[in-house]
$ cat query.cif   # mmCIF, C-alpha atoms
data_protein
#
loop_
_atom_site.label_atom_id
_atom_site.label_comp_id
_atom_site.auth_asym_id
_atom_site.auth_seq_id
_atom_site.Cartn_x
_atom_site.Cartn_y
_atom_site.Cartn_z
CA MET A 88 3.35 61.65 145.15
CA LYS A 89 3.60 63.51 148.46
CA GLN A 90 4.36 66.87 149.95
CA ALA A 91 8.09 67.51 150.11
CA GLY A 92 9.23 67.28 153.71
CA GLY A 93 11.59 70.22 154.03
CA GLY A 94 10.32 72.28 151.16
CA GLN A 95 8.51 75.10 152.97
CA GLY A 96 8.44 78.57 151.50
CA LYS A 97 10.39 81.48 152.90
CA GLY A 98 7.44 82.54 154.98
CA GLY A 99 7.00 79.15 156.60
CA GLY A 100 3.89 78.31 154.53
CA ALA A 101 2.63 74.90 153.45
CA PRO A 102 5.20 72.37 152.25
CA LYS A 103 5.93 72.39 148.56
CA THR A 104 4.22 69.78 146.39
CA GLU A 105 6.74 67.40 144.89
CA VAL A 106 6.39 66.80 141.14
CA ILE A 107 8.39 64.66 138.76
CA VAL A 108 9.74 66.66 135.83
CA ASP A 109 11.69 66.01 132.66
CA ARG A 110 13.55 68.29 130.30
CA VAL A 111 12.36 69.13 126.80
CA ALA A 112 14.70 67.20 124.50
CA GLN A 113 15.96 67.93 121.02
CA ASP A 114 17.21 65.26 118.65
CA ASP A 115 17.11 63.96 115.08
CA VAL A 116 14.26 61.46 114.80
CA GLN A 117 13.17 59.05 112.10
CA ILE A 118 9.46 58.98 111.29
CA TYR A 119 8.07 55.59 110.25
CA ILE A 120 4.93 54.22 108.65
CA TYR A 121 3.66 51.21 110.58
CA THR A 122 1.45 48.51 109.13
CA ASP A 123 0.63 44.84 109.61
CA GLY A 124 2.11 42.25 107.29
CA ARG A 125 2.07 38.55 106.48
CA THR A 126 5.01 36.32 105.67
CA VAL A 127 4.89 34.47 102.36
CA PRO A 128 7.35 31.84 101.04
CA SER A 129 9.38 33.00 98.07
CA ASN A 130 8.60 29.72 96.31
CA MET A 131 6.22 26.83 96.99
CA VAL A 132 6.48 23.57 95.06
CA GLU A 133 4.29 20.46 95.12
CA ILE A 134 6.25 17.29 94.49
CA ARG A 135 4.02 15.20 92.23
CA THR A 136 4.73 11.79 90.80
CA ARG A 137 5.00 11.80 87.01
CA VAL A 138 4.88 8.02 86.61
CA SER A 139 2.68 5.25 87.99
CA GLY A 140 3.88 2.60 90.37
CA PHE A 141 4.29 1.61 93.99
CA LEU A 142 6.14 4.01 96.29
CA GLU A 143 9.21 2.09 97.41
CA GLU A 144 11.21 4.54 99.57
CA LEU A 145 11.28 8.03 101.11
CA PHE A 146 14.55 9.85 101.73
CA PHE A 147 13.47 12.84 103.84
CA GLU A 148 12.19 13.49 107.32
CA PRO A 149 8.94 15.47 107.74
CA GLY A 150 9.78 19.15 108.18
CA ALA A 151 13.40 18.69 107.13
CA ILE A 152 15.42 21.33 105.31
CA VAL A 153 16.57 20.03 101.93
CA LYS A 154 18.89 21.42 99.29
CA GLU A 155 18.23 21.65 95.58
CA GLY A 156 18.79 18.24 94.02
CA ASP A 157 18.36 16.25 97.25
CA ARG A 158 16.71 12.86 96.84
CA LEU A 159 13.11 12.74 98.10
CA ALA A 160 11.32 9.54 97.01
CA LEU A 161 11.65 6.44 94.82
CA VAL A 162 8.92 4.72 92.79
CA GLU A 163 9.44 1.09 91.72
CA GLN A 164 11.82 1.07 88.74
CA ALA A 165 11.66 -2.50 87.39
CA THR A 166 8.85 -1.82 84.90
CA TYR A 167 10.60 1.27 83.54
CA GLN A 168 13.97 -0.45 83.37
CA VAL A 169 12.38 -3.17 81.21
CA ALA A 170 10.70 -0.52 79.04
CA LEU A 171 14.04 1.24 78.58
CA ALA A 172 15.75 -2.01 77.57
CA ALA A 173 12.99 -2.74 75.04
CA SER A 174 13.27 0.77 73.60
CA LYS A 175 17.02 0.39 73.21
CA ALA A 176 16.49 -2.95 71.44
CA GLU A 177 14.02 -1.33 69.05
CA LEU A 178 16.57 1.39 68.37
CA ALA A 179 19.27 -1.20 67.60
CA SER A 180 16.89 -3.02 65.25
CA ALA A 181 16.00 0.24 63.51
CA LYS A 182 19.67 1.07 63.05
CA ALA A 183 20.34 -2.38 61.56
CA LYS A 184 17.45 -2.02 59.13
CA ALA A 185 18.68 1.44 58.19
CA ALA A 186 22.17 0.05 57.48
CA LEU A 187 20.66 -2.62 55.21
CA ALA A 188 18.50 -0.04 53.45
CA GLU A 189 21.54 2.19 52.96
CA ASN A 190 23.54 -0.69 51.37
CA ASN A 191 20.63 -1.50 49.07
CA LEU A 192 20.40 2.13 48.08
CA GLU A 193 24.11 2.32 47.25
CA ARG A 194 23.82 -0.79 45.00
CA ALA A 195 20.71 0.62 43.42
CA LYS A 196 22.55 3.79 42.48
CA ALA A 197 25.06 1.76 40.43
CA LEU A 198 22.37 -0.39 38.87
CA VAL A 199 20.19 2.52 37.82
CA GLU A 200 23.19 4.20 36.15
CA SER A 201 23.82 1.03 34.10
CA ARG A 202 20.07 0.84 33.41
CA THR A 203 19.91 -2.60 35.05
CA ILE A 204 16.95 -1.45 37.18
CA THR A 205 14.30 1.09 36.44
CA ALA A 206 14.01 4.51 38.03
CA GLU A 207 10.89 3.35 39.89
CA GLU A 208 12.85 0.55 41.58
CA PHE A 209 15.55 3.03 42.62
CA GLN A 210 12.95 5.33 44.16
CA THR A 211 11.63 2.36 46.14
CA HIS A 212 15.11 1.77 47.64
CA GLN A 213 15.41 5.50 48.39
CA ALA A 214 12.04 5.49 50.17
CA ASN A 215 13.00 2.37 52.17
CA TYR A 216 16.16 4.13 53.38
CA ASP A 217 14.28 7.30 54.32
CA MET A 218 11.73 5.30 56.29
CA ALA A 219 14.55 3.45 58.07
CA LEU A 220 16.05 6.78 59.14
CA ALA A 221 12.62 7.93 60.40
CA THR A 222 12.30 4.67 62.31
CA ILE A 223 15.64 5.41 64.00
CA ASP A 224 14.34 8.84 65.04
CA LEU A 225 11.17 7.29 66.45
CA ALA A 226 13.11 4.60 68.30
CA SER A 227 15.51 7.24 69.68
CA ALA A 228 12.52 9.24 70.95
CA ASN A 229 11.11 6.12 72.59
CA VAL A 230 14.47 5.52 74.29
CA ARG A 231 14.53 9.11 75.54
CA ASN A 232 10.96 8.77 76.81
CA ALA A 233 11.83 5.55 78.62
CA GLU A 234 14.90 7.21 80.15
CA LEU A 235 12.76 10.12 81.36
CA ASN A 236 10.18 7.77 82.88
CA LEU A 237 12.95 5.91 84.67
CA GLN A 238 14.41 9.23 85.82
CA TYR A 239 11.01 10.34 87.11
CA THR A 240 10.90 7.36 89.44
CA ASP A 241 13.78 8.94 91.38
CA MET A 242 12.25 12.22 92.60
CA ARG A 243 14.55 15.04 93.71
CA SER A 244 13.97 18.49 95.12
CA PRO A 245 13.81 21.27 92.49
CA ILE A 246 14.45 23.97 95.13
CA ALA A 247 16.05 24.42 98.52
CA GLY A 248 13.51 24.71 101.32
CA LYS A 249 11.55 23.09 104.10
CA THR A 250 9.44 19.99 103.51
CA THR A 251 6.00 19.09 104.76
CA LYS A 252 5.17 15.65 106.07
CA ASN A 253 4.85 12.90 103.47
CA LEU A 254 1.29 12.78 102.15
CA VAL A 255 1.65 9.20 100.84
CA ASP A 256 3.13 6.32 102.80
CA ILE A 257 5.57 3.74 101.44
CA GLY A 258 3.86 0.83 99.67
CA ASN A 259 0.96 2.81 98.22
CA PHE A 260 0.30 2.99 94.50
CA VAL A 261 0.88 6.45 93.08
CA SER A 262 -0.14 7.87 89.73
CA PRO A 263 0.04 11.29 88.01
CA THR A 264 -3.74 11.36 87.69
CA GLY A 265 -4.66 9.61 90.92
CA THR A 266 -5.72 10.99 94.28
CA GLN A 267 -2.24 10.30 95.64
CA ALA A 268 -0.29 12.24 93.04
CA VAL A 269 1.15 14.78 95.50
CA LEU A 270 3.78 13.25 97.76
CA LEU A 271 4.82 16.41 99.67
CA SER A 272 5.32 20.15 99.36
CA ILE A 273 8.49 22.21 99.72
CA ALA A 274 8.51 25.88 100.72
CA GLN A 275 11.52 28.04 99.96
CA LEU A 276 11.91 30.14 103.11
CA ASP A 277 15.09 32.04 102.34
CA PRO A 278 14.59 34.65 101.13
CA MET A 279 11.16 35.17 102.63
CA PHE A 280 8.54 37.56 101.30
CA VAL A 281 6.51 39.90 103.49
CA GLU A 282 3.30 41.30 102.02
CA PHE A 283 1.70 44.38 103.56
CA LYS A 284 -0.75 47.14 102.67
CA ILE A 285 -0.41 50.91 102.71
CA SER A 286 -2.91 53.64 101.91
CA ASP A 287 -2.94 55.62 98.68
CA ARG A 288 -1.74 58.72 100.54
CA GLN A 289 1.23 56.87 102.04
CA PHE A 290 1.94 55.29 98.66
CA ASN A 291 2.09 58.65 96.89
CA ASP A 292 4.19 60.22 99.66
CA LEU A 293 6.71 57.39 99.50
CA LYS A 294 6.93 57.66 95.73
CA ASP A 295 7.64 61.38 95.99
CA ARG A 296 10.30 60.87 98.65
CA SER A 297 12.00 58.16 96.58
CA GLY A 298 12.42 60.62 93.69
CA PHE A 299 9.93 58.86 91.43
CA ARG A 300 8.20 62.06 90.38
CA GLU A 301 11.50 63.79 89.56
CA MET A 302 12.02 61.43 86.60
CA PHE A 303 9.24 63.19 84.72
CA ASP A 304 9.64 66.64 83.19
CA GLY A 305 6.53 67.96 84.93
CA THR A 306 4.75 68.98 81.72
CA THR A 307 4.28 65.77 79.74
CA ASN A 308 4.07 62.08 80.42
CA THR A 309 7.45 61.43 78.85
CA VAL A 310 10.56 60.52 80.77
CA THR A 311 13.22 63.21 80.69
CA THR A 312 15.90 61.23 78.86
CA SER A 313 18.20 62.04 75.97
CA SER A 314 17.57 60.20 72.74
CA VAL A 315 18.67 60.17 69.14
CA GLY A 316 15.74 59.54 66.85
CA ASN A 317 13.85 56.61 68.27
CA ASP A 318 16.90 55.04 69.91
CA VAL A 319 17.46 55.87 73.57
CA LEU A 320 21.09 56.37 74.51
CA GLU A 321 22.75 53.50 76.35
CA ASN A 322 23.63 55.64 79.39
CA THR A 323 20.01 56.73 79.90
CA PRO A 324 18.72 55.36 83.24
CA ALA A 325 15.73 53.08 82.98
CA LEU A 326 12.58 54.04 84.87
CA PRO A 327 12.42 51.78 87.95
CA PRO A 328 9.16 50.50 89.47
CA ALA A 329 7.84 52.81 92.17
CA MET A 330 9.55 52.38 95.51
CA THR A 331 11.50 49.27 94.51
CA GLY A 332 14.39 49.02 96.95
CA THR A 333 12.71 51.02 99.72
CA PRO A 334 14.13 49.66 103.00
CA ILE A 335 11.82 48.21 105.65
CA ASP A 336 12.15 46.58 109.07
CA VAL A 337 10.07 43.61 110.16
CA SER A 338 9.21 42.43 113.65
CA LEU A 339 7.53 39.19 114.62
CA MET A 340 5.17 39.00 117.57
CA THR A 341 7.52 38.35 120.50
CA GLY A 342 7.45 38.46 124.26
CA ALA A 343 4.55 38.19 126.68
CA ASN A 344 2.96 41.37 125.35
CA ILE A 345 1.53 41.15 121.84
CA LEU A 346 2.61 44.78 121.34
CA ASP A 347 6.30 43.98 121.89
CA PHE A 348 8.18 44.65 118.65
CA ASN A 349 11.93 44.60 118.06
CA PHE A 350 12.09 45.25 114.27
CA ASN A 351 15.25 43.16 113.97
CA VAL A 352 14.68 41.73 110.47
CA PRO A 353 15.72 44.15 107.68
CA GLY A 354 14.43 43.92 104.13
CA LYS A 355 13.54 45.91 101.04
CA VAL A 356 10.51 46.37 98.80
CA VAL A 357 10.80 44.27 95.65
CA ALA A 358 7.39 44.45 93.95
CA LEU A 359 3.86 45.78 93.85
CA VAL A 360 1.60 42.76 94.18
CA ASP A 361 -1.57 44.59 93.09
CA ASN A 362 -2.07 46.59 89.92
CA GLN A 363 -4.84 48.67 91.47
CA PHE A 364 -6.04 49.99 94.82
CA ASP A 365 -8.75 48.25 96.77
CA PHE A 366 -11.68 50.66 96.47
CA ALA A 367 -13.23 49.49 99.74
CA THR A 368 -10.10 50.04 101.86
CA GLY A 369 -8.10 52.50 99.75
CA GLN A 370 -5.01 50.33 100.12
CA ILE A 371 -2.56 48.56 97.84
CA THR A 372 -0.40 45.51 98.57
CA LEU A 373 3.39 45.63 98.43
CA ARG A 374 5.88 42.80 98.73
CA ALA A 375 9.22 43.03 100.47
CA GLU A 376 12.06 40.54 100.61
CA VAL A 377 13.83 39.67 103.85
CA GLN A 378 16.60 37.24 104.67
CA ASN A 379 15.39 34.41 106.90
CA PRO A 380 17.99 33.57 109.57
CA LEU A 381 18.82 29.88 109.85
CA LEU A 382 19.01 28.93 113.52
CA LYS A 383 21.35 26.06 114.34
CA THR A 384 21.77 23.89 117.41
CA ASP A 385 23.91 20.86 118.08
CA ASP A 386 21.21 18.49 116.83
CA ALA A 387 19.06 20.47 114.39
CA LYS A 388 18.62 23.60 112.36
CA ASP A 389 15.53 25.55 111.41
CA TYR A 390 14.44 28.90 109.99
CA MET A 391 13.36 31.70 112.28
CA ILE A 392 10.42 32.86 110.11
CA TYR A 393 7.62 30.61 108.86
CA PRO A 394 5.02 31.36 106.16
CA ASN A 395 1.71 32.99 107.12
CA GLN A 396 3.06 34.54 110.30
CA VAL A 397 1.58 37.89 111.31
CA CYS A 398 4.26 40.54 111.58
CA ARG A 399 4.68 44.27 111.98
CA VAL A 400 6.30 46.29 109.20
CA ARG A 401 8.09 49.60 109.71
CA ILE A 402 8.84 51.79 106.68
CA PRO A 403 11.15 54.84 107.01
CA TYR A 404 9.08 57.87 106.03
CA GLU A 405 10.81 61.08 107.05
CA LEU A 406 13.90 62.21 108.97
CA VAL A 407 13.17 65.22 111.18
CA ASN A 408 16.27 67.15 112.21
CA ASP A 409 16.45 68.90 115.59
CA ALA A 410 12.97 67.78 116.62
CA VAL A 411 11.63 69.08 119.95
CA LEU A 412 10.47 66.10 122.02
CA ILE A 413 8.51 65.51 125.24
CA ARG A 414 6.90 62.50 126.87
CA GLU A 415 3.40 61.73 125.59
CA GLU A 416 2.07 61.21 129.14
CA ALA A 417 2.78 64.84 130.03
CA ILE A 418 0.40 66.30 127.42
CA LEU A 419 -2.94 67.60 128.74
CA THR A 420 -6.08 68.59 126.85
CA ASP A 421 -8.33 71.60 127.35
CA LEU A 422 -11.20 71.30 124.86
CA ASP A 423 -9.36 71.43 121.52
CA THR A 424 -6.12 72.84 122.97
CA LYS A 425 -3.09 70.78 123.97
CA TYR A 426 -0.89 72.08 126.77
CA VAL A 427 1.70 71.05 129.34
CA LEU A 428 2.57 72.32 132.78
CA ILE A 429 6.10 73.61 132.97
CA VAL A 430 8.17 74.43 136.05
CA ALA A 431 10.22 77.63 135.90
CA LYS A 432 11.58 80.28 138.20
CA GLY A 433 8.92 82.84 139.03
CA MET A 434 7.69 85.20 141.75
CA PHE A 435 5.42 83.42 144.21
CA GLN A 436 3.07 85.13 146.71
CA PRO A 437 2.47 82.84 149.72
CA LYS A 438 -1.26 82.50 150.43
CA ASP A 439 -3.38 80.38 152.73
CA PRO A 440 -6.04 77.92 151.45
CA TYR A 441 -8.56 80.77 151.39
CA GLY A 442 -6.40 82.89 149.10
CA ARG A 443 -5.38 85.37 151.79
CA PRO A 444 -1.73 86.50 151.97
CA ILE A 445 0.26 84.78 154.71
CA LEU A 446 1.49 87.18 157.36
CA GLY A 447 5.00 87.20 158.71
CA GLU A 448 6.24 87.80 162.26
CA ASP A 449 5.75 91.54 161.74
CA LYS A 450 2.08 90.91 160.89
CA GLU A 451 2.75 92.11 157.36
CA PRO A 452 2.12 90.00 154.22
CA ILE A 453 5.17 88.01 153.24
CA PRO A 454 6.54 89.60 150.06
CA PRO A 455 6.73 87.54 146.84
CA TYR A 456 9.94 85.61 146.35
CA GLU A 457 11.53 83.71 143.46
CA THR A 458 10.97 79.96 143.49
CA ASP A 459 9.87 77.04 141.26
CA VAL A 460 6.39 77.89 140.00
CA VAL A 461 3.94 76.02 137.75
CA PHE A 462 3.01 77.66 134.43
CA ARG A 463 0.72 76.56 131.66
CA ARG A 464 2.12 76.40 128.15
CA ASP A 465 -0.10 75.78 125.10
CA ILE A 466 1.59 73.63 122.48
CA LYS A 467 1.14 72.38 118.94
CA ILE A 468 1.84 68.68 118.67
CA GLY A 469 3.31 66.63 115.83
CA ARG A 470 3.78 62.91 115.31
CA LEU A 471 3.92 60.36 118.09
CA LEU A 472 7.07 58.22 117.91
CA ASP A 473 7.24 54.53 118.76
CA THR A 474 9.26 55.51 121.84
CA GLN A 475 6.15 57.29 123.17
CA MET A 476 7.84 60.64 122.66
CA ARG A 477 5.81 63.35 120.94
CA ILE A 478 7.22 65.87 118.48
CA ILE A 479 6.31 69.41 119.50
CA LEU A 480 5.92 71.82 116.59
CA ASP A 481 5.46 74.99 118.64
CA GLY A 482 5.28 76.18 122.24
CA LEU A 483 8.33 74.67 123.96
CA THR A 484 12.06 75.30 123.97
CA PRO A 485 14.70 72.55 124.48
CA GLY A 486 15.86 72.39 128.09
CA GLU A 487 12.64 73.58 129.71
CA ALA A 488 11.34 71.51 132.62
CA TYR A 489 7.80 70.09 132.28
CA ILE A 490 5.75 68.02 134.72
CA VAL A 491 5.48 64.34 133.89
CA GLN A 492 3.79 63.08 137.06
CA GLY A 493 1.92 65.02 139.72
CA VAL A 494 -0.19 67.35 137.57
CA GLN A 495 -3.31 66.39 139.57
CA ARG A 496 -1.82 67.82 142.79
CA VAL A 497 -0.76 71.22 141.54
CA ARG A 498 -2.39 74.27 140.08
CA ILE A 499 -1.12 76.99 137.84
CA GLY A 500 0.89 79.52 139.79
CA SER A 501 1.58 77.20 142.73
CA GLU A 502 5.01 76.59 144.25
CA VAL A 503 6.41 73.08 143.70
CA GLN A 504 9.44 70.97 144.50
CA PRO A 505 10.67 69.49 141.15
CA THR A 506 12.58 66.22 141.06
CA THR A 507 13.60 63.87 138.29
CA LEU A 508 12.09 60.44 137.90
CA GLU A 509 15.46 58.82 138.51
CA ASP A 510 16.03 60.71 141.76
CA TYR A 511 12.50 59.94 142.90
CA ARG A 512 12.97 56.20 142.33
CA LEU A 513 16.34 56.18 144.09
CA ARG A 514 14.87 57.92 147.13
CA ARG A 515 11.89 55.56 147.29
CA ALA A 516 14.23 52.56 147.04
CA ALA A 517 16.39 53.93 149.85
CA GLU A 518 13.30 54.51 152.01
CA ALA A 519 12.10 50.97 151.35
CA ASN A 520 15.49 49.50 152.27
CA LYS A 521 15.57 51.57 155.46
CA ALA A 522 12.07 50.43 156.40
CA ASN A 523 12.99 46.78 155.79
CA GLY A 524 16.12 47.20 157.93
CA LYS A 525 14.07 48.46 160.89
CA ALA A 526 11.44 45.76 160.57
CA LYS A 527 13.92 42.88 160.51
CA PRO A 528 15.28 43.22 164.13
CA LYS A 529 11.72 43.52 165.42
CA GLU A 530 10.72 40.31 163.66
CA GLU A 531 13.82 38.54 164.99
CA ALA A 532 12.97 39.69 168.54
CA GLU A 533 9.43 38.40 168.26
CA ASN A 534 10.72 35.06 166.98
CA GLY A 535 13.13 34.87 169.94
CA GLU A 536 10.33 35.44 172.45
CA GLU A 537 8.30 32.68 170.91
CA GLN A 538 11.18 30.29 171.30
#
$ encode --input "query.cif" --output "structure tokens"
Amino acid sequence: MKQAGGGQGKGGGAPKTEVIVDRVAQDDVQIYIYTDGRTVPSNMVEIRTRVSGFLEELFFEPGAIVKEGDRLALVEQATYQVALAASKAELASAKAKAALAENNLERAKALVESRTITAEEFQTHQANYDMALATIDLASANVRNAELNLQYTDMRSPIAGKTTKNLVDIGNFVSPTGTQAVLLSIAQLDPMFVEFKISDRQFNDLKDRSGFREMFDGTTNTVTTSSVGNDVLENTPALPPAMTGTPIDVSLMTGANILDFNFNVPGKVVALVDNQFDFATGQITLRAEVQNPLLKTDDAKDYMIYPNQVCRVRIPYELVNDAVLIREEAILTDLDTKYVLIVAKGMFQPKDPYGRPILGEDKEPIPPYETDVVFRRDIKIGRLLDTQMRIILDGLTPGEAYIVQGVQRVRIGSEVQPTTLEDYRLRRAAEANKANGKAKPKEEAENGEEQ
């Protein structure tokens, strides 16, 4: 910052001090609650072998994205194919024995009616038939069990998601109870969950703003619904969980600066993870659901968000209409009072550095004249926005000019030359270009002399 070149007062006093000013703005602003979060997969599945045998083949690449039902691995099937064939043979034998027992029972019915055989002999034929039917059921169960075991040798993905690397190599013996039971894991990454914590005060405020408290009658702990006897009417709205559906925005850590956030992933609160507050921190954990974009290239595709990533969560809290806004950097502190320096038209008395009035050509003090003068204005501040603009609750009016840069070079009541930050930068750029233009011919001349 410098003294303005042609900005002398009417009495030819010291040049005016140049200051950069901005105008007090007024706009509708959204207040947010900010907190840190962690990404969590919506589903995580371990693919375990359910039968014993040698691992014959793998059908996935480590880290690949698979769909539900995709083939993952194959355990040797020969043993289970033989077991299935044997079970089917036992079932056929049981059915044949049941057919014979049924024929014997039918003949026994005729014989017992003609009193050719005793009732005890008939009961024996009846029991033989019943046992044959039970044997069919047992053989059918054995066939089903053999079919399941054979099916378990061909492992498929129960969910859509991203795989880990294979934890067992081809050729190794696997078993449900062995150390190599888990072949891989699959994480479902779309949708993705984001878990974050908020304080009990923020939690209660959000519940009130979502209308949760309005569903109670204010005098009892009963929901204000219409009912007939003990049966609630069908059109009575059910009481939703607190804040379910509250919108949020999520930002991953991006850019060179760890504080760079773009909040480009929208989501909504779907659940309360905790059923109580943490007494040590006074916080409770919420879970939100976000859609995980699938990024595609010519050769591959992958999700944008991975589990256990640190992220920043932004929750809409309050919409302030016609908020008065100024830049945070312009606010000064005097003990416990916040204030800004404003520039406004005022009467200025030219004085020398010793505080004596400056005399004119007639040897008389130069009379005060109207110019841009610095004034102090005490303010009451509100919330700081993520744009580094501060809400002003009292003390400023939209449109007033306040000093953003140069407060160290001015004092209250002094005359200044206000300029906007944009104009200041344009002038400095023009001065730099002009200086470079003058230096270039000189450098070329020096190079010519050397040659």
$ closest_residue --input "query.cif" --among "A:Pro455, A:Asp465, A:Val430, A:Gln475" --to "Ile499 of chain A" --atoms "all atoms listed in the file"
A:Val430
$ resolve_selection --input "query.cif" --expression "the PyMOL selection byres ((chain A and resi 248-251) around 9)" --output "JSON, numbers by chain"
{"A": [130, 131, 147, 148, 149, 150, 151, 152, 153, 154, 155, 244, 246, 247, 252, 253, 254, 271, 272, 273, 274, 275, 276, 277, 389, 390]}
$ resolve_selection --input "query.cif" --expression "the PyMOL selection byres ((chain A and resi 461) around 10)" --output "MDAnalysis selection string"
chainID A and resid 428:433 435 458:460 462:464 489:490 494 497:503 505
$ atom_distance --input "query.cif" --atom1 "atom CA of Glu415 of chain A" --atom2 "atom CA of Ile479 of chain A"
10.2 Å
$ closest_residue --input "query.cif" --among "A:Asn259, A:Gln495, A:Asn215, A:Thr203" --to "Phe141 of chain A" --atoms "all atoms listed in the file"
A:Asn259
$ atom_distance --input "query.cif" --atom1 "atom CA of Val491 of chain A" --atom2 "atom CA of Glu105 of chain A"
11.5 Å
$ residues_around --input "query.cif" --residues "Lys467 of chain A" --least-positions-apart "4" --cutoff "8 Å" --atoms "only C-alpha atoms" --output "PyMOL selection string"
chain A and resi 425+479-482
$ closest_residue --input "query.cif" --among "A:Glu509, A:Glu177, A:Glu405, A:Asp123" --to "Asp295 of chain A" --atoms "all atoms listed in the file"
A:Glu405
$ closest_residue --input "query.cif" --among "A:Gln436, A:Pro102, A:Lys182, A:Gln238" --to "Asp224 of chain A" --atoms "all atoms listed in the file"
A:Lys182
$ resolve_selection --input "query.cif" --expression "the PyMOL selection byres ((chain A and resi 446) around 12)" --output "PyMOL selection string"
chain A and resi 97-100+436-439+443-445+447-455
$ build_atoms --input "query.cif" --residues "segment 467-481 of chain A" --atoms "N, CA and C atoms" --output "mmCIF file, in the coordinates of the input"
data_model
loop_
_atom_site.group_PDB
_atom_site.id
_atom_site.type_symbol
_atom_site.label_atom_id
_atom_site.label_comp_id
_atom_site.auth_asym_id
_atom_site.auth_seq_id
_atom_site.Cartn_x
_atom_site.Cartn_y
_atom_site.Cartn_z
ATOM 1 N N LYS A 467 1.621 72.986 120.178
ATOM 2 C CA LYS A 467 1.140 72.380 118.940
ATOM 3 C C LYS A 467 1.913 71.086 118.732
ATOM 4 N N ILE A 468 1.178 69.984 118.680
ATOM 5 C CA ILE A 468 1.840 68.680 118.670
ATOM 6 C C ILE A 468 2.027 68.171 117.245
ATOM 7 N N GLY A 469 3.042 67.316 117.090
ATOM 8 C CA GLY A 469 3.310 66.630 115.830
ATOM 9 C C GLY A 469 3.113 65.133 115.991
ATOM 10 N N ARG A 470 3.929 64.358 115.318
ATOM 11 C CA ARG A 470 3.780 62.910 115.310
ATOM 12 C C ARG A 470 4.201 62.280 116.631
ATOM 13 N N LEU A 471 3.546 61.177 116.937
ATOM 14 C CA LEU A 471 3.920 60.360 118.090
ATOM 15 C C LEU A 471 4.893 59.285 117.634
ATOM 16 N N LEU A 472 6.053 59.194 118.272
ATOM 17 C CA LEU A 472 7.070 58.220 117.910
ATOM 18 C C LEU A 472 6.798 56.896 118.620
ATOM 19 N N ASP A 473 7.427 55.837 118.127
ATOM 20 C CA ASP A 473 7.240 54.530 118.760
ATOM 21 C C ASP A 473 7.876 54.460 120.131
ATOM 22 N N THR A 474 8.685 55.440 120.501
ATOM 23 C CA THR A 474 9.260 55.510 121.840
ATOM 24 C C THR A 474 8.354 56.233 122.821
ATOM 25 N N GLN A 475 7.121 56.542 122.369
ATOM 26 C CA GLN A 475 6.150 57.290 123.170
ATOM 27 C C GLN A 475 6.623 58.706 123.481
ATOM 28 N N MET A 476 7.460 59.228 122.603
ATOM 29 C CA MET A 476 7.840 60.640 122.660
ATOM 30 C C MET A 476 7.069 61.368 121.563
ATOM 31 N N ARG A 477 6.617 62.568 121.872
ATOM 32 C CA ARG A 477 5.810 63.350 120.940
ATOM 33 C C ARG A 477 6.626 64.523 120.411
ATOM 34 N N ILE A 478 6.569 64.720 119.093
ATOM 35 C CA ILE A 478 7.220 65.870 118.480
ATOM 36 C C ILE A 478 6.360 67.107 118.742
ATOM 37 N N ILE A 479 6.991 68.157 119.233
ATOM 38 C CA ILE A 479 6.310 69.410 119.500
ATOM 39 C C ILE A 479 6.682 70.414 118.418
ATOM 40 N N LEU A 480 5.675 70.899 117.693
ATOM 41 C CA LEU A 480 5.920 71.820 116.590
ATOM 42 C C LEU A 480 6.059 73.260 117.064
ATOM 43 N N ASP A 481 5.401 73.607 118.182
ATOM 44 C CA ASP A 481 5.460 74.990 118.640
ATOM 45 C C ASP A 481 5.061 75.041 120.117
#
